[in-house]
$ cat work.cif   # mmCIF, C-alpha atoms; chains and numbers go by the auth columns
data_start
#
loop_
_atom_site.group_PDB
_atom_site.id
_atom_site.type_symbol
_atom_site.label_atom_id
_atom_site.label_comp_id
_atom_site.label_asym_id
_atom_site.label_seq_id
_atom_site.Cartn_x
_atom_site.Cartn_y
_atom_site.Cartn_z
_atom_site.B_iso_or_equiv
_atom_site.auth_seq_id
_atom_site.auth_asym_id
ATOM 1 C CA MET A 1 90.034 123.292 129.962 0.00 495 A
ATOM 2 C CA ASP A 2 87.752 120.788 128.286 0.00 496 A
ATOM 3 C CA LYS A 3 83.972 120.332 128.364 0.00 497 A
ATOM 4 C CA LEU A 4 84.133 118.155 131.512 0.00 498 A
ATOM 5 C CA ASP A 5 86.005 120.901 133.366 0.00 499 A
ATOM 6 C CA GLN A 6 83.403 123.401 132.171 0.00 500 A
ATOM 7 C CA GLN A 7 80.597 121.137 133.361 0.00 501 A
ATOM 8 C CA ILE A 8 82.275 120.763 136.753 0.00 502 A
ATOM 9 C CA LEU A 9 82.622 124.544 137.029 0.00 503 A
ATOM 10 C CA ARG A 10 78.952 125.122 136.134 0.00 504 A
ATOM 11 C CA ILE A 11 77.826 122.660 138.815 0.00 505 A
ATOM 12 C CA LEU A 12 80.200 123.981 141.494 0.00 506 A
ATOM 13 C CA ALA A 13 79.174 127.576 140.729 0.00 507 A
ATOM 14 C CA LEU A 14 75.591 126.739 141.633 0.00 508 A
ATOM 15 C CA GLU A 15 76.227 124.063 144.270 0.00 509 A
ATOM 16 C CA GLY A 16 79.574 124.769 145.902 0.00 510 A
ATOM 17 C CA ASN A 17 78.845 122.348 148.732 0.00 511 A
ATOM 18 C CA ILE A 18 78.032 119.343 146.530 0.00 512 A
ATOM 19 C CA THR A 19 79.875 116.204 147.589 0.00 513 A
ATOM 20 C CA ASN A 20 82.558 114.834 145.318 0.00 514 A
ATOM 21 C CA SER A 21 80.523 111.636 145.015 0.00 515 A
ATOM 22 C CA LYS A 22 77.445 113.485 143.719 0.00 516 A
ATOM 23 C CA LEU A 23 79.562 115.669 141.450 0.00 517 A
ATOM 24 C CA ALA A 24 81.227 112.593 139.963 0.00 518 A
ATOM 25 C CA LYS A 25 77.844 111.009 139.219 0.00 519 A
ATOM 26 C CA ARG A 26 76.568 114.207 137.599 0.00 520 A
ATOM 27 C CA VAL A 27 79.557 114.519 135.262 0.00 521 A
ATOM 28 C CA GLY A 28 79.915 110.796 134.610 0.00 522 A
ATOM 29 C CA LEU A 29 83.425 110.310 135.996 0.00 523 A
ATOM 30 C CA SER A 30 84.889 108.258 138.814 0.00 524 A
ATOM 31 C CA GLU A 31 85.199 109.983 142.175 0.00 525 A
ATOM 32 C CA SER A 32 88.995 110.002 141.970 0.00 526 A
ATOM 33 C CA ALA A 33 89.032 111.467 138.445 0.00 527 A
ATOM 34 C CA THR A 34 86.527 114.135 139.483 0.00 528 A
ATOM 35 C CA LEU A 35 88.505 115.042 142.596 0.00 529 A
ATOM 36 C CA GLU A 36 91.686 115.248 140.532 0.00 530 A
ATOM 37 C CA ARG A 37 90.001 117.657 138.098 0.00 531 A
ATOM 38 C CA VAL A 38 88.614 119.836 140.909 0.00 532 A
ATOM 39 C CA ARG A 39 92.023 119.974 142.600 0.00 533 A
ATOM 40 C CA ARG A 40 93.643 120.926 139.283 0.00 534 A
ATOM 41 C CA LEU A 41 91.080 123.718 138.785 0.00 535 A
ATOM 42 C CA GLU A 42 91.784 124.936 142.334 0.00 536 A
ATOM 43 C CA ALA A 43 95.568 124.778 141.839 0.00 537 A
ATOM 44 C CA ALA A 44 95.226 126.829 138.648 0.00 538 A
ATOM 45 C CA ASN A 45 93.171 129.427 140.588 0.00 539 A
ATOM 46 C CA ILE A 46 90.243 128.903 138.255 0.00 540 A
ATOM 47 C CA ILE A 47 88.298 127.993 141.395 0.00 541 A
ATOM 48 C CA ASN A 48 89.179 130.617 143.990 0.00 542 A
ATOM 49 C CA GLY A 49 87.131 129.302 146.901 0.00 543 A
ATOM 50 C CA TYR A 50 83.706 128.308 148.101 0.00 544 A
ATOM 51 C CA VAL A 51 81.246 130.542 149.956 0.00 545 A
ATOM 52 C CA ALA A 52 77.808 130.477 151.505 0.00 546 A
ATOM 53 C CA LYS A 53 75.374 133.056 150.148 0.00 547 A
ATOM 54 C CA ILE A 54 73.814 134.892 153.076 0.00 548 A
ATOM 55 C CA ASP A 55 70.782 137.161 152.858 0.00 549 A
ATOM 56 C CA PRO A 56 71.885 140.466 154.478 0.00 550 A
ATOM 57 C CA TYR A 57 68.339 141.228 155.655 0.00 551 A
ATOM 58 C CA LYS A 58 68.165 137.999 157.635 0.00 552 A
ATOM 59 C CA VAL A 59 71.381 138.786 159.524 0.00 553 A
ATOM 60 C CA ASP A 60 70.425 142.347 160.508 0.00 554 A
ATOM 61 C CA ARG A 61 72.107 144.031 157.526 0.00 555 A
ATOM 62 C CA GLY A 62 68.905 144.979 155.711 0.00 556 A
ATOM 63 C CA LEU A 63 69.904 148.484 154.593 0.00 557 A
ATOM 64 C CA GLU A 64 71.864 148.110 151.372 0.00 558 A
ATOM 65 C CA ILE A 65 73.567 150.988 149.599 0.00 559 A
ATOM 66 C CA MET A 66 75.369 151.330 146.285 0.00 560 A
ATOM 67 C CA MET A 67 78.060 153.913 146.943 0.00 561 A
ATOM 68 C CA MET A 68 80.052 155.581 144.199 0.00 562 A
ATOM 69 C CA LEU A 69 83.312 157.170 145.291 0.00 563 A
ATOM 70 C CA VAL A 70 85.876 159.558 143.853 0.00 564 A
ATOM 71 C CA LEU A 71 89.308 159.740 145.448 0.00 565 A
ATOM 72 C CA LYS A 72 91.182 163.011 145.975 0.00 566 A
ATOM 73 C CA ASN A 73 94.287 161.723 144.210 0.00 567 A
ATOM 74 C CA GLN A 74 94.900 158.958 141.746 0.00 568 A
ATOM 75 C CA ASN A 75 98.345 157.983 142.934 0.00 569 A
ATOM 76 C CA ALA A 76 99.123 154.314 143.421 0.00 570 A
ATOM 77 C CA GLU A 77 99.688 154.649 147.175 0.00 571 A
ATOM 78 C CA GLN A 78 96.296 156.240 147.833 0.00 572 A
ATOM 79 C CA ILE A 79 94.494 153.731 145.626 0.00 573 A
ATOM 80 C CA HIS A 80 96.233 150.858 147.412 0.00 574 A
ATOM 81 C CA GLU A 81 95.366 152.219 150.863 0.00 575 A
ATOM 82 C CA PHE A 82 91.733 152.747 149.857 0.00 576 A
ATOM 83 C CA GLU A 83 91.463 149.232 148.395 0.00 577 A
ATOM 84 C CA LYS A 84 92.993 147.743 151.554 0.00 578 A
ATOM 85 C CA ALA A 85 90.553 149.655 153.776 0.00 579 A
ATOM 86 C CA MET A 86 87.532 148.583 151.714 0.00 580 A
ATOM 87 C CA ALA A 87 88.659 144.951 151.733 0.00 581 A
ATOM 88 C CA ASN A 88 88.814 145.038 155.545 0.00 582 A
ATOM 89 C CA MET A 89 85.413 146.645 156.213 0.00 583 A
ATOM 90 C CA ASP A 90 82.733 144.083 157.056 0.00 584 A
ATOM 91 C CA GLU A 91 79.987 146.339 155.719 0.00 585 A
ATOM 92 C CA VAL A 92 81.434 146.179 152.191 0.00 586 A
ATOM 93 C CA LEU A 93 79.892 143.272 150.284 0.00 587 A
ATOM 94 C CA SER A 94 81.741 144.104 147.077 0.00 588 A
ATOM 95 C CA CYS A 95 83.879 146.895 145.682 0.00 589 A
ATOM 96 C CA ALA A 96 85.089 147.540 142.148 0.00 590 A
ATOM 97 C CA GLN A 97 87.425 150.075 140.598 0.00 591 A
ATOM 98 C CA LEU A 98 85.837 151.885 137.661 0.00 592 A
ATOM 99 C CA LEU A 99 86.692 153.872 134.566 0.00 593 A
ATOM 100 C CA GLY A 100 84.585 156.975 134.090 0.00 594 A
ATOM 101 C CA ARG A 101 82.974 159.547 136.366 0.00 595 A
ATOM 102 C CA PHE A 102 83.598 157.563 139.575 0.00 596 A
ATOM 103 C CA ASP A 103 86.715 155.773 140.738 0.00 597 A
ATOM 104 C CA PHE A 104 85.020 153.017 142.751 0.00 598 A
ATOM 105 C CA ILE A 105 81.611 151.528 143.420 0.00 599 A
ATOM 106 C CA ALA A 106 80.889 149.652 146.622 0.00 600 A
ATOM 107 C CA HIS A 107 77.894 147.571 147.664 0.00 601 A
ATOM 108 C CA ILE A 108 77.373 148.219 151.371 0.00 602 A
ATOM 109 C CA ALA A 109 75.077 146.409 153.845 0.00 603 A
ATOM 110 C CA VAL A 110 74.404 147.881 157.280 0.00 604 A
ATOM 111 C CA LYS A 111 71.749 147.517 159.972 0.00 605 A
ATOM 112 C CA ASP A 112 70.204 151.006 159.812 0.00 606 A
ATOM 113 C CA ILE A 113 70.816 154.717 159.181 0.00 607 A
ATOM 114 C CA PRO A 114 72.960 155.235 162.323 0.00 608 A
ATOM 115 C CA SER A 115 75.132 152.298 161.186 0.00 609 A
ATOM 116 C CA LEU A 116 75.420 153.891 157.739 0.00 610 A
ATOM 117 C CA GLN A 117 76.435 157.193 159.323 0.00 611 A
ATOM 118 C CA ARG A 118 79.179 155.464 161.326 0.00 612 A
ATOM 119 C CA PHE A 119 80.382 153.698 158.165 0.00 613 A
ATOM 120 C CA ILE A 120 80.510 156.994 156.246 0.00 614 A
ATOM 121 C CA GLU A 121 82.453 158.616 159.103 0.00 615 A
ATOM 122 C CA ARG A 122 84.996 155.777 158.892 0.00 616 A
ATOM 123 C CA LEU A 123 85.287 156.327 155.139 0.00 617 A
ATOM 124 C CA ILE A 124 85.798 160.069 155.552 0.00 618 A
ATOM 125 C CA SER A 125 88.430 159.474 158.233 0.00 619 A
ATOM 126 C CA LEU A 126 90.548 157.679 155.620 0.00 620 A
ATOM 127 C CA GLY A 127 91.303 161.140 154.271 0.00 621 A
ATOM 128 C CA CYS A 128 91.277 160.115 150.623 0.00 622 A
ATOM 129 C CA ILE A 129 87.626 160.592 149.622 0.00 623 A
ATOM 130 C CA ASP A 130 86.904 163.629 147.461 0.00 624 A
ATOM 131 C CA ARG A 131 83.260 162.851 146.745 0.00 625 A
ATOM 132 C CA MET A 132 80.726 160.120 147.311 0.00 626 A
ATOM 133 C CA GLU A 133 77.262 159.467 146.011 0.00 627 A
ATOM 134 C CA SER A 134 74.957 156.855 147.494 0.00 628 A
ATOM 135 C CA LEU A 135 71.878 155.089 146.226 0.00 629 A
ATOM 136 C CA THR A 136 69.618 153.058 148.504 0.00 630 A
ATOM 137 C CA VAL A 137 68.693 149.596 147.267 0.00 631 A
ATOM 138 C CA LEU A 138 64.920 149.057 147.349 0.00 632 A
ATOM 139 C CA LYS A 139 65.003 145.466 146.136 0.00 633 A
ATOM 140 C CA MET A 140 67.693 143.194 144.763 0.00 634 A
ATOM 141 C CA ILE A 141 66.493 141.699 141.511 0.00 635 A
ATOM 142 C CA LYS A 142 69.460 139.382 141.117 0.00 636 A
ATOM 143 C CA ARG A 143 71.889 138.806 143.955 0.00 637 A
ATOM 144 C CA ASN A 144 75.387 137.399 143.715 0.00 638 A
ATOM 145 C CA HIS A 145 75.240 135.449 140.508 0.00 639 A
ATOM 146 C CA PRO A 146 77.250 132.388 141.445 0.00 640 A
ATOM 147 C CA ALA A 147 79.873 132.687 138.743 0.00 641 A
ATOM 148 C CA ILE A 148 80.864 133.868 135.353 0.00 642 A
ATOM 149 C CA PRO A 149 78.800 131.883 132.844 0.00 643 A
ATOM 150 C CA ILE A 150 80.831 128.929 131.627 0.00 644 A
ATOM 151 C CA GLU A 151 80.382 128.134 127.965 0.00 645 A
ATOM 152 C CA LYS A 152 79.145 124.676 127.151 0.00 646 A
ATOM 153 C CA GLY A 153 81.750 122.602 125.346 0.00 647 A
ATOM 154 C CA GLU A 154 81.190 121.647 121.731 0.00 648 A
#
$ encode --input "work.cif" --output "structure tokens"
Amino acid sequence: MDKLDQQILRILALEGNITNSKLAKRVGLSESATLERVRRLEAANIINGYVAKIDPYKVDRGLEIMMMLVLKNQNAEQIHEFEKAMANMDEVLSCAQLLGRFDFIAHIAVKDIPSLQRFIERLISLGCIDRMESLTVLKMIKRNHPAIPIEKGE
């Protein structure tokens, strides 16, 4: 990956819906050369997709929770089943496996307390949760940084 690829990644991280024409002008390449580079970055799974950032509050998901979870067992089957369940729950904005006191942390967005209660009941019904601890988000200081910072080429 050269400095042009890095520049393309920085721009796409902030403006995923930029047209190829505008991207080409910004990086100083022809449209075809730019498109070829973007397609190569996609094929190499360096670019894994494009998304719209949506404010949970504005779509009736204003109650956000950071939930730390400990599983009953650490066997591969239980971890896989838990990961699959979390990936399929619309309320889960993000989920990460951890080292340390907790096994997982999940960022949850729901409408209200009754919605949170229903979500927790669904989690408990999985049968694999030993313990959970939740923190209510008062204000997001930085939301969904668009990407891993890409170093500027020399």
$ atom_distance --input "work.cif" --atom1 "CA of Arg637 (chain A)" --atom2 "CA of Leu587 (chain A)"
11.1 Å
$ closest_residue --input "work.cif" --among "A:Ala603, A:Leu593, A:Ala546, A:Ile559" --to "Leu508 (chain A)" --atoms "only C-alpha atoms"
A:Ala546
$ closest_residue --input "work.cif" --among "A:Asn514, A:Ser628, A:Gln611, A:Gln591" --to "Ser526 (chain A)" --atoms "all atoms listed in the file"
A:Asn514
$ resolve_selection --input "work.cif" --expression "the PyMOL selection byres ((chain A and resi 623) around 9)" --output "PyMOL selection string"
chain A and resi 563-567+576+617-622+624-626
$ atom_distance --input "work.cif" --atom1 "CA of Glu585 (chain A)" --atom2 "CA of Ile505 (chain A)"
29.2 Å
$ closest_residue --input "work.cif" --among "A:Cys589, A:Asn569, A:Leu498, A:Asn582" --to "Arg531 (chain A)" --atoms "all atoms listed in the file"
A:Leu498
$ closest_residue --input "work.cif" --among "A:Ile573, A:Leu503, A:Leu529, A:Val604" --to "Tyr544 (chain A)" --atoms "all atoms listed in the file"
A:Leu503
$ closest_residue --input "work.cif" --among "A:Leu535, A:Ile512, A:Val586, A:Met560" --to "Phe613 (chain A)" --atoms "only C-alpha atoms"
A:Val586
$ atom_distance --input "work.cif" --atom1 "CA of Ala570 (chain A)" --atom2 "CA of Leu629 (chain A)"
27.4 Å
$ closest_residue --input "work.cif" --among "A:Lys497, A:Arg616, A:Lys605, A:Arg534" --to "Ala579 (chain A)" --atoms "all atoms listed in the file"
A:Arg616
